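Coordinates as given in model-v3.txt (compact mmCIF, C-alpha atoms):
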# COMPACT_ATOMS: atom_id res chain seq x y z
CA MET A 1 -53.94 109.95 130.93
CA ARG A 2 -50.97 109.05 133.09
CA ARG A 3 -47.60 110.77 132.83
CA ALA A 4 -45.86 107.38 133.00
CA ASP A 5 -47.74 106.30 129.87
CA CYS A 6 -46.72 109.50 128.06
CA LEU A 7 -43.10 108.92 129.01
CA GLU A 8 -43.26 105.31 127.85
CA LEU A 9 -44.74 106.47 124.56
CA ILE A 10 -41.91 108.89 123.79
CA TYR A 11 -39.06 106.99 125.48
CA PRO A 12 -37.81 105.37 122.25
CA GLU A 13 -37.52 108.87 120.76
CA ILE A 14 -35.93 110.64 123.71
CA GLU A 15 -33.51 107.96 124.89
CA ASP A 16 -30.75 109.41 122.70
CA LYS A 17 -31.67 113.09 123.30
CA LEU A 18 -30.41 115.40 126.03
CA VAL A 19 -33.20 115.22 128.61
CA VAL A 20 -33.61 117.43 131.68
CA THR A 21 -36.37 116.39 134.01
CA ILE A 22 -37.81 117.91 137.14
CA MET A 23 -37.82 116.26 140.53
CA GLY A 24 -39.86 113.55 142.12
CA ALA A 25 -42.40 111.44 140.30
CA CYS A 26 -41.45 112.61 136.81
CA ALA A 27 -37.76 111.92 137.40
CA GLN A 28 -38.49 108.51 138.88
CA GLU A 29 -40.80 107.45 136.08
CA LEU A 30 -38.19 108.35 133.48
CA TYR A 31 -35.49 106.58 135.46
CA ASP A 32 -37.67 103.47 135.79
CA LEU A 33 -37.95 103.27 132.00
CA GLY A 34 -34.16 103.03 131.87
CA HIS A 35 -31.50 105.52 132.85
CA ARG A 36 -29.28 106.94 130.14
CA GLU A 37 -26.13 109.00 130.60
CA ASN A 38 -27.80 111.80 128.60
CA PHE A 39 -30.54 112.22 131.26
CA PHE A 40 -30.23 114.87 134.00
CA TYR A 41 -32.59 114.75 136.97
CA LEU A 42 -33.07 118.10 138.68
CA GLN A 43 -34.22 116.87 142.07
CA HIS A 44 -34.66 120.37 143.52
CA ALA A 45 -34.44 124.02 142.39
CA MET A 46 -38.00 123.90 141.11
CA GLY A 47 -38.54 125.88 137.94
CA LEU A 48 -35.02 125.73 136.57
CA ALA A 49 -35.25 122.63 134.34
CA SER A 50 -36.28 124.80 131.39
CA SER A 51 -33.43 127.24 132.12
CA ILE A 52 -30.91 124.38 132.10
CA GLY A 53 -32.46 123.30 128.81
CA LEU A 54 -31.94 126.78 127.38
CA GLY A 55 -28.29 126.82 128.48
CA LEU A 56 -27.74 123.46 126.80
CA ALA A 57 -29.68 124.16 123.62
CA ASN A 58 -28.02 127.53 123.16
CA HIS A 59 -24.54 126.02 122.92
CA LEU A 60 -25.39 122.68 121.33
CA PRO A 61 -27.18 123.36 118.05
CA HIS A 62 -26.43 119.80 116.88
CA GLU A 63 -28.45 118.37 119.80
CA LYS A 64 -32.16 118.16 120.50
CA VAL A 65 -32.95 119.09 124.10
CA ILE A 66 -36.08 117.78 125.82
CA VAL A 67 -37.24 119.40 129.07
CA LEU A 68 -39.73 117.43 131.18
CA ASP A 69 -41.42 119.95 133.45
CA GLY A 70 -44.48 120.03 135.69
CA ASP A 71 -47.18 122.57 136.44
CA GLY A 72 -45.88 123.25 139.96
CA SER A 73 -42.34 123.85 138.71
CA ALA A 74 -43.39 125.87 135.66
CA LEU A 75 -45.52 128.12 137.87
CA MET A 76 -42.41 128.93 139.89
CA ASN A 77 -40.57 130.23 136.84
CA LEU A 78 -43.15 131.72 134.48
CA GLY A 79 -40.54 134.23 133.35
CA THR A 80 -38.74 131.40 131.59
CA PHE A 81 -41.42 131.40 128.88
CA THR A 82 -40.50 134.98 128.00
CA THR A 83 -36.77 134.21 128.01
CA LEU A 84 -37.29 131.11 125.85
CA ALA A 85 -39.51 133.08 123.48
CA ARG A 86 -36.96 135.88 123.14
CA TYR A 87 -34.03 133.60 122.31
CA ARG A 88 -36.10 130.87 120.61
CA PRO A 89 -33.77 127.88 120.75
CA ARG A 90 -35.06 125.84 117.82
CA ASN A 91 -33.67 122.63 119.24
CA LEU A 92 -35.63 122.77 122.51
CA LEU A 93 -38.91 121.04 123.29
CA HIS A 94 -40.49 121.96 126.62
CA ILE A 95 -42.99 119.35 127.80
CA ILE A 96 -45.06 120.29 130.86
CA PHE A 97 -46.97 117.52 132.57
CA ASP A 98 -49.87 119.33 134.18
CA ASN A 99 -51.41 117.16 136.88
CA GLY A 100 -52.87 120.13 138.75
CA SER A 101 -51.05 118.95 141.82
CA LEU A 102 -47.91 119.39 143.86
CA LEU A 103 -47.84 115.61 143.90
CA SER A 104 -44.28 115.01 145.06
CA THR A 105 -44.71 117.24 148.09
CA GLY A 106 -48.01 115.91 149.39
CA GLY A 107 -50.53 116.32 146.60
CA PHE A 108 -51.74 119.83 147.28
CA GLU A 109 -53.68 121.30 144.39
CA SER A 110 -51.69 123.64 142.17
CA HIS A 111 -53.15 126.79 140.65
CA THR A 112 -53.88 124.98 137.40
CA THR A 113 -56.45 122.82 139.22
CA SER A 114 -58.75 125.82 139.38
CA GLY A 115 -59.44 125.36 135.70
CA VAL A 116 -58.95 129.03 134.94
CA THR A 117 -55.18 128.97 134.41
CA ASP A 118 -54.00 127.81 131.00
CA LEU A 119 -50.24 127.19 130.81
CA ALA A 120 -50.22 126.77 127.03
CA ALA A 121 -51.95 130.14 126.68
CA ILE A 122 -49.35 131.67 128.99
CA ALA A 123 -46.59 130.22 126.79
CA ARG A 124 -48.26 131.59 123.66
CA GLY A 125 -48.78 134.94 125.31
CA ALA A 126 -45.10 134.99 126.20
CA GLY A 127 -44.37 134.68 122.51
CA ILE A 128 -43.83 130.95 121.99
CA GLU A 129 -45.52 130.27 118.69
CA HIS A 130 -45.91 126.52 119.01
CA ALA A 131 -47.63 125.78 122.33
CA VAL A 132 -50.34 123.15 122.52
CA ASP A 133 -52.49 121.61 125.21
CA VAL A 134 -53.29 117.89 124.99
CA ASP A 135 -55.30 115.51 127.15
CA SER A 136 -55.07 112.12 125.44
CA PRO A 137 -52.13 109.81 124.68
CA MET A 138 -52.95 110.00 120.98
CA ALA A 139 -52.93 113.79 120.95
CA PHE A 140 -49.75 113.84 123.04
CA GLY A 141 -47.99 111.46 120.68
CA GLU A 142 -49.03 113.50 117.65
CA ALA A 143 -47.96 116.76 119.25
CA PHE A 144 -44.61 115.23 120.14
CA VAL A 145 -43.97 113.93 116.61
CA GLU A 146 -44.94 117.30 115.12
CA ALA A 147 -42.66 119.13 117.53
CA MET A 148 -39.72 116.87 116.75
CA GLU A 149 -40.17 117.34 113.01
CA ARG A 150 -40.74 121.09 113.21
CA ASN A 151 -37.24 122.08 114.34
CA ASP A 152 -38.47 125.03 116.38
CA LEU A 153 -39.03 125.88 120.02
CA GLY A 154 -42.16 124.14 121.23
CA VAL A 155 -44.24 123.72 124.37
CA ILE A 156 -46.56 120.78 124.97
CA VAL A 157 -48.81 120.96 128.01
CA ALA A 158 -50.02 117.44 128.75
CA ARG A 159 -52.95 117.11 131.14
CA VAL A 160 -52.22 114.05 133.24
CA ASP A 161 -53.59 112.35 136.33
CA ALA A 162 -52.10 113.19 139.71
CA VAL A 163 -50.47 109.79 140.19
CA GLY A 164 -46.86 108.76 140.59
CA PRO A 165 -44.69 105.70 141.13
CA ASP A 166 -44.95 103.47 144.20
CA ASN A 167 -41.25 103.46 144.96
CA TYR A 168 -38.53 106.06 144.72
CA GLY A 169 -34.80 105.54 144.40
CA MET A 170 -31.84 105.88 142.05
CA ASP A 171 -28.46 104.18 142.23
CA PHE A 172 -26.30 107.30 142.05
CA ALA A 173 -25.74 110.47 144.07
CA LEU A 174 -26.90 113.81 142.67
CA PRO A 175 -23.43 115.23 141.86
CA GLU A 176 -22.57 111.92 140.17
CA ASN A 177 -25.52 112.44 137.83
CA ALA A 178 -24.19 115.93 137.06
CA PHE A 179 -20.63 114.69 136.45
CA ARG A 180 -21.71 111.83 134.20
CA PHE A 181 -24.22 113.98 132.32
CA LYS A 182 -21.56 116.62 131.67
CA ARG A 183 -19.10 114.00 130.46
CA CYS A 184 -21.71 112.51 128.15
CA VAL A 185 -22.72 115.92 126.74
CA GLN A 186 -19.10 116.92 126.15
CA GLU A 187 -18.18 113.62 124.51
CA ARG A 188 -21.07 114.05 122.11
CA ARG A 189 -19.99 117.62 121.44
CA ALA A 190 -16.38 116.51 120.89
CA ALA A 191 -17.64 114.17 118.18
CA THR A 192 -18.56 117.30 116.19
CA GLY A 193 -14.93 118.45 116.26
CA TRP A 194 -15.21 120.68 119.33
CA THR A 195 -12.34 120.75 121.84
CA PRO A 196 -13.21 121.01 125.54
CA PRO A 197 -11.48 123.68 127.65
CA ALA A 198 -8.65 122.43 129.89
CA MET A 199 -9.62 121.21 133.34
CA PRO A 200 -8.16 123.33 136.16
CA GLY A 201 -5.43 121.60 138.14
CA HIS A 202 -4.08 119.78 135.11
CA THR A 203 -1.16 122.06 134.48
CA GLY A 204 1.38 119.74 136.05
CA ALA A 205 2.26 121.62 139.23
CA ALA A 206 0.53 121.15 142.57
CA MET B 1 -23.70 159.43 139.75
CA THR B 2 -22.39 158.25 136.39
CA VAL B 3 -21.40 154.73 135.43
CA SER B 4 -17.76 154.53 134.40
CA TYR B 5 -17.41 153.95 130.69
CA GLU B 6 -13.73 153.10 130.97
CA ASN B 7 -14.13 150.69 133.84
CA SER B 8 -17.15 148.99 132.29
CA LYS B 9 -14.88 148.35 129.33
CA ALA B 10 -12.16 147.02 131.66
CA VAL B 11 -14.63 144.52 133.15
CA PHE B 12 -15.89 143.45 129.74
CA ASP B 13 -12.35 143.08 128.39
CA GLY B 14 -11.50 141.07 131.51
CA ILE B 15 -14.37 138.67 130.84
CA LYS B 16 -13.17 138.12 127.29
CA ALA B 17 -9.53 137.83 128.36
CA ALA B 18 -10.61 135.05 130.74
CA GLY B 19 -11.82 133.13 127.69
CA ILE B 20 -15.50 133.60 128.48
CA ARG B 21 -17.89 134.18 125.58
CA SER B 22 -21.16 133.12 127.18
CA ILE B 23 -22.96 135.52 129.53
CA SER B 24 -26.30 135.51 131.31
CA ALA B 25 -27.48 138.69 132.94
CA LEU B 26 -30.23 140.85 134.24
CA PRO B 27 -29.55 144.47 133.34
CA GLU B 28 -29.08 147.04 136.06
CA THR B 29 -27.61 150.54 136.10
CA TRP B 30 -24.01 149.64 136.91
CA LEU B 31 -24.04 146.79 134.39
CA GLY B 32 -25.66 148.77 131.57
CA LEU B 33 -22.59 149.85 129.62
CA LEU B 34 -21.01 146.47 130.14
CA LEU B 35 -24.05 144.64 128.78
CA GLN B 36 -24.28 147.01 125.85
CA ARG B 37 -20.77 145.92 124.89
CA ALA B 38 -21.74 142.28 125.29
CA GLU B 39 -24.78 142.78 123.09
CA ASP B 40 -22.77 144.55 120.39
CA ASP B 41 -19.96 141.97 120.34
CA PRO B 42 -20.66 139.23 117.77
CA GLU B 43 -18.27 136.88 119.58
CA VAL B 44 -20.29 137.05 122.78
CA ASP B 45 -23.45 135.09 123.46
CA LEU B 46 -25.62 137.10 125.87
CA ILE B 47 -28.87 135.86 127.37
CA GLN B 48 -30.88 138.38 129.33
CA VAL B 49 -33.14 136.75 131.86
CA ALA B 50 -36.45 137.80 133.37
CA LYS B 51 -35.24 136.91 136.85
CA GLU B 52 -31.73 136.10 138.06
CA GLU B 53 -32.52 132.58 139.25
CA GLU B 54 -33.04 131.60 135.60
CA ALA B 55 -29.39 132.48 134.99
CA VAL B 56 -28.32 129.79 137.45
CA GLY B 57 -30.08 127.18 135.31
CA ILE B 58 -28.68 128.66 132.10
CA ALA B 59 -25.19 128.65 133.63
CA ALA B 60 -25.59 124.99 134.57
CA GLY B 61 -26.64 124.15 131.02
CA ALA B 62 -23.65 126.02 129.62
CA TYR B 63 -21.38 124.22 132.08
CA PHE B 64 -22.71 120.82 131.04
CA ALA B 65 -22.15 121.85 127.42
CA GLY B 66 -18.53 122.72 128.25
CA GLU B 67 -18.94 126.43 127.57
CA PRO B 68 -17.17 128.92 129.89
CA HIS B 69 -19.95 131.12 131.27
CA ILE B 70 -20.34 134.09 133.59
CA LEU B 71 -23.39 135.52 135.40
CA LEU B 72 -23.90 139.26 135.82
CA MET B 73 -26.40 140.51 138.36
CA GLN B 74 -27.09 143.03 141.08
CA ASN B 75 -26.88 141.93 144.71
CA HIS B 76 -30.68 142.03 144.95
CA GLY B 77 -30.75 139.63 142.01
CA PHE B 78 -28.39 137.37 143.91
CA PHE B 79 -30.97 137.27 146.69
CA GLY B 80 -33.65 136.25 144.20
CA ALA B 81 -31.40 133.53 142.76
CA MET B 82 -30.52 131.99 146.09
CA ASN B 83 -32.56 128.79 145.94
CA GLY B 84 -31.13 127.96 142.54
CA ILE B 85 -27.62 128.65 143.81
CA ILE B 86 -28.16 126.30 146.76
CA SER B 87 -30.39 123.62 145.26
CA LEU B 88 -28.85 123.39 141.82
CA ALA B 89 -25.29 124.74 141.86
CA GLN B 90 -24.21 123.71 145.34
CA LEU B 91 -26.30 120.53 145.49
CA TYR B 92 -24.91 119.22 142.18
CA SER B 93 -21.39 120.70 142.39
CA VAL B 94 -21.96 122.99 139.43
CA PRO B 95 -19.54 125.97 139.32
CA LEU B 96 -20.93 129.50 139.01
CA CYS B 97 -18.78 132.54 138.33
CA MET B 98 -20.90 135.48 139.44
CA LEU B 99 -20.12 139.16 138.94
CA ILE B 100 -22.35 140.95 141.42
CA ALA B 101 -22.88 144.71 141.45
CA VAL B 102 -23.03 145.60 145.14
CA ARG B 103 -25.52 148.38 145.55
CA GLY B 104 -26.48 149.88 148.88
CA HIS B 105 -23.10 149.97 150.53
CA TRP B 106 -20.45 152.61 151.42
CA GLY B 107 -21.52 155.92 149.93
CA GLU B 108 -24.93 154.74 148.75
CA PRO B 109 -27.26 157.72 148.27
CA TYR B 110 -30.39 155.72 147.35
CA PRO B 111 -32.35 154.48 150.37
CA TRP B 112 -33.97 151.59 148.47
CA HIS B 113 -30.64 149.85 147.92
CA THR B 114 -29.37 150.06 151.47
CA ARG B 115 -30.99 147.10 153.19
CA GLY B 116 -29.68 144.76 150.51
CA GLY B 117 -26.24 146.30 150.62
CA ILE B 118 -26.05 145.82 154.35
CA VAL B 119 -26.82 142.07 154.26
CA THR B 120 -24.96 141.02 151.10
CA GLU B 121 -21.68 139.92 152.67
CA GLY B 122 -23.43 138.11 155.51
CA LEU B 123 -25.50 136.12 153.04
CA LEU B 124 -22.45 135.23 150.95
CA GLN B 125 -20.76 134.02 154.12
CA ALA B 126 -23.83 132.06 155.21
CA LEU B 127 -23.78 130.27 151.85
CA ASN B 128 -20.01 129.62 152.04
CA ILE B 129 -19.56 131.50 148.77
CA PRO B 130 -16.01 132.85 148.42
CA TYR B 131 -16.08 136.53 147.46
CA HIS B 132 -13.69 139.35 146.68
CA HIS B 133 -14.23 143.08 146.18
CA ALA B 134 -13.15 144.47 142.81
CA ARG B 135 -12.18 148.13 143.24
CA ASP B 136 -9.31 148.78 140.85
CA PRO B 137 -9.76 148.73 137.05
CA ALA B 138 -6.12 147.75 136.64
CA LEU B 139 -6.72 144.54 138.61
CA VAL B 140 -10.22 143.57 137.56
CA ALA B 141 -9.23 141.38 134.59
CA LYS B 142 -6.98 139.33 136.84
CA GLU B 143 -9.71 139.13 139.48
CA ILE B 144 -12.26 137.88 136.94
CA ALA B 145 -9.87 135.20 135.72
CA GLU B 146 -9.15 134.18 139.31
CA ALA B 147 -12.86 134.02 140.20
CA TYR B 148 -13.51 131.86 137.16
CA THR B 149 -10.59 129.55 137.95
CA LEU B 150 -11.70 129.07 141.55
CA SER B 151 -15.30 128.34 140.52
CA GLN B 152 -14.05 125.63 138.17
CA SER B 153 -11.52 124.05 140.51
CA SER B 154 -13.87 124.09 143.52
CA LEU B 155 -17.03 123.25 141.51
CA SER B 156 -18.74 125.98 143.53
CA PRO B 157 -20.36 129.37 143.22
CA VAL B 158 -17.82 132.21 143.48
CA ALA B 159 -18.66 135.93 143.65
CA LEU B 160 -16.62 138.88 142.44
CA LEU B 161 -18.25 141.99 143.90
CA LEU B 162 -18.26 145.03 141.64
CA THR B 163 -17.96 148.05 143.95
CA ARG B 164 -18.83 151.72 143.68
CA ASP B 165 -15.12 152.56 143.40
CA LEU B 166 -14.96 150.50 140.24
CA MET B 167 -18.30 151.15 138.58
CA GLU B 168 -18.94 154.86 139.22
CA VAL B 169 -17.11 158.03 138.37
Rewrite the structure from the file as structure tokens, please.
Amino acid sequence: MRRADCLELIYPEIEDKLVVTIMGACAQELYDLGHRENFFYLQHAMGLASSIGLGLANHLPHEKVIVLDGDGSALMNLGTFTTLARYRPRNLLHIIFDNGSLLSTGGFESHTTSGVTDLAAIARGAGIEHAVDVDSPMAFGEAFVEAMERNDLGVIVARVDAVGPDNYGMDFALPENAFRFKRCVQERRAATGWTPPAMPGHTGAA
Amino acid sequence: MTVSYENSKAVFDGIKAAGIRSISALPETWLGLLLQRAEDDPEVDLIQVAKEEEAVGIAAGAYFAGEPHILLMQNHGFFGAMNGIISLAQLYSVPLCMLIAVRGHWGEPYPWHTRGGIVTEGLLQALNIPYHHARDPALVAKEIAEAYTLSQSSLSPVALLLTRDLMEV
């Protein structure tokens, strides 16, 4: 199973959700399906996509937050499973594409390649009740639909091939993605009646 | 050594007076009384992390959501959070208002804190993170508000250093 196929499968469902994706191949494959202002691409700081998702989900109960993670990134922040389990944001779905490879940095095997490390079991052991491991598009699609209907914190570990896109590139700078994502998130929040805090420097004097 | 109950309250009150209701933290001795207040206050949303770098991601999420947020950590936690500070906050122009308990400096009796205390300011300078020492409980509310304002206007990490003078009695 290819990650790009998984993303294509769920794209119609996630295109209006708040999506935080990790760097490299995963980010590019999502972008290639069609960028949306509600997508944030974390092109570095490996491991923190799920933490950003928690910060979003915690303050935006009206939103559904989708985190697109990888085995290499998740292994760098295993503690996040325990933090997510403790605070249990019910509007967060954490998808981990496990290709057993540090693909975007040269294709070195990750620890999950050994076959003895089970990320879904780690998530369950951390206290996340709904954590599943899937290895076919059908099973992935079903797990995704179940997770979206469940309205609870969920982890889906999807075993995918270690392949990525042929070309990389996006038509905006990294801070621009952050600025536009923030604006989009806040506009959606404002639609619920929330008032954003004043921007500094807008008091009239210089 | 005893942590100051009164001054922990002054810091907590300062956070609230700055309009901040969202906190991420990793508990440590000097922050204990402060975090207890945060946990007991129904207005405050506190997330305790397993490692401080997580708090950088959580702070970014809160920022995107439009929620004023503050990070509480020890200086050794700041060291552990450094890649997130550089490769998320600084790379993407995401503000961070960090309250950092500076252990291992002037008057430190515990050997295990000292190496970290000695290098803290140098690392803040190397990262171009503006910092200020909070020593006086009468000023700390103003200093928290100023740290928060600068983080937001500069879209950068800013550190207010909680010193022994402030946190111990």
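For the pair atom CA of Leu162 of chain B and atom CA of Ala101 of chain B, the interatomic distance is 4.6 Å.
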Item to complete: Find, counting all atoms listed in the file, the residue in A:Cys26, A:Leu42, A:Leu33, A:Ala143 that gets nearest to chain B.
Response: A:Leu42
Practice prompt. For Gly55 of chain A, please output as a PyMOL selection string all residues within 12 Å (counting only C-alpha atoms; exclusion window: fewer than 4 positions along the same chain).
Written response: (chain A and resi 18+20+48-51+59-61+65+67+80+83-84+87-89+91-92) or (chain B and resi 22-24+45-49+54-70)
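As for atom CA of Leu127 of chain B and atom CA of Ala173 of chain A, they are spaced 21.4 Å apart.
Between atom CA of Ile128 of chain A and atom CA of Arg90 of chain A there is a distance of 11.0 Å.
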Worksheet entry | Within 8 Å of Ala10 of chain B using all atoms listed in the file, minus same-chain residues under 4 positions, as a PyMOL selection string | chain B and resi 6+14+137-138+140-141
Could you pull out every residue with an atom within 10 Å of (-45.7, 128.4, 118.5), file coordinates, counting all atoms listed in the file, and send them as a compact mmCIF listing (two decimals) with C-alpha atoms, in the coordinates of the input?
# COMPACT_ATOMS: atom_id res chain seq x y z
CA ALA A 85 -39.51 133.08 123.48
CA ALA A 120 -50.22 126.77 127.03
CA ALA A 123 -46.59 130.22 126.79
CA ARG A 124 -48.26 131.59 123.66
CA GLY A 125 -48.78 134.94 125.31
CA GLY A 127 -44.37 134.68 122.51
CA ILE A 128 -43.83 130.95 121.99
CA GLU A 129 -45.52 130.27 118.69
CA HIS A 130 -45.91 126.52 119.01
CA ALA A 131 -47.63 125.78 122.33
CA VAL A 132 -50.34 123.15 122.52
CA ALA A 147 -42.66 119.13 117.53
CA ASP A 152 -38.47 125.03 116.38
CA LEU A 153 -39.03 125.88 120.02
CA GLY A 154 -42.16 124.14 121.23
CA VAL A 155 -44.24 123.72 124.37
Item to complete: Mind checking which residues fall within 9 Å of segment 34-40 of chain A, counting only C-alpha atoms, ignoring those fewer than 6 positions away in the same chain, and posting them as number ranges by chain?
Response: A: 11, 15-22, 27, 177-178, 180-185
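With only C-alpha atoms as the atoms that count, the minimum distance from chain B to the choices A:Glu63, A:Glu142, A:Asp32, A:Asp5 is reached by A:Glu63.
Using all atoms listed in the file, the smallest distance between any of B:Ser156, B:Asn75, B:Ser93, B:Thr120 and chain A comes from B:Ser93.
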Discussion item. Which residues are close to segment 161-168 of chain A, i.e. within 6 Å by only C-alpha atoms, leaving aside same-chain residues fewer than 4 positions away? Reply as an MDAnalysis selection string.
Written reply: chainID A and resid 1:2 25 99
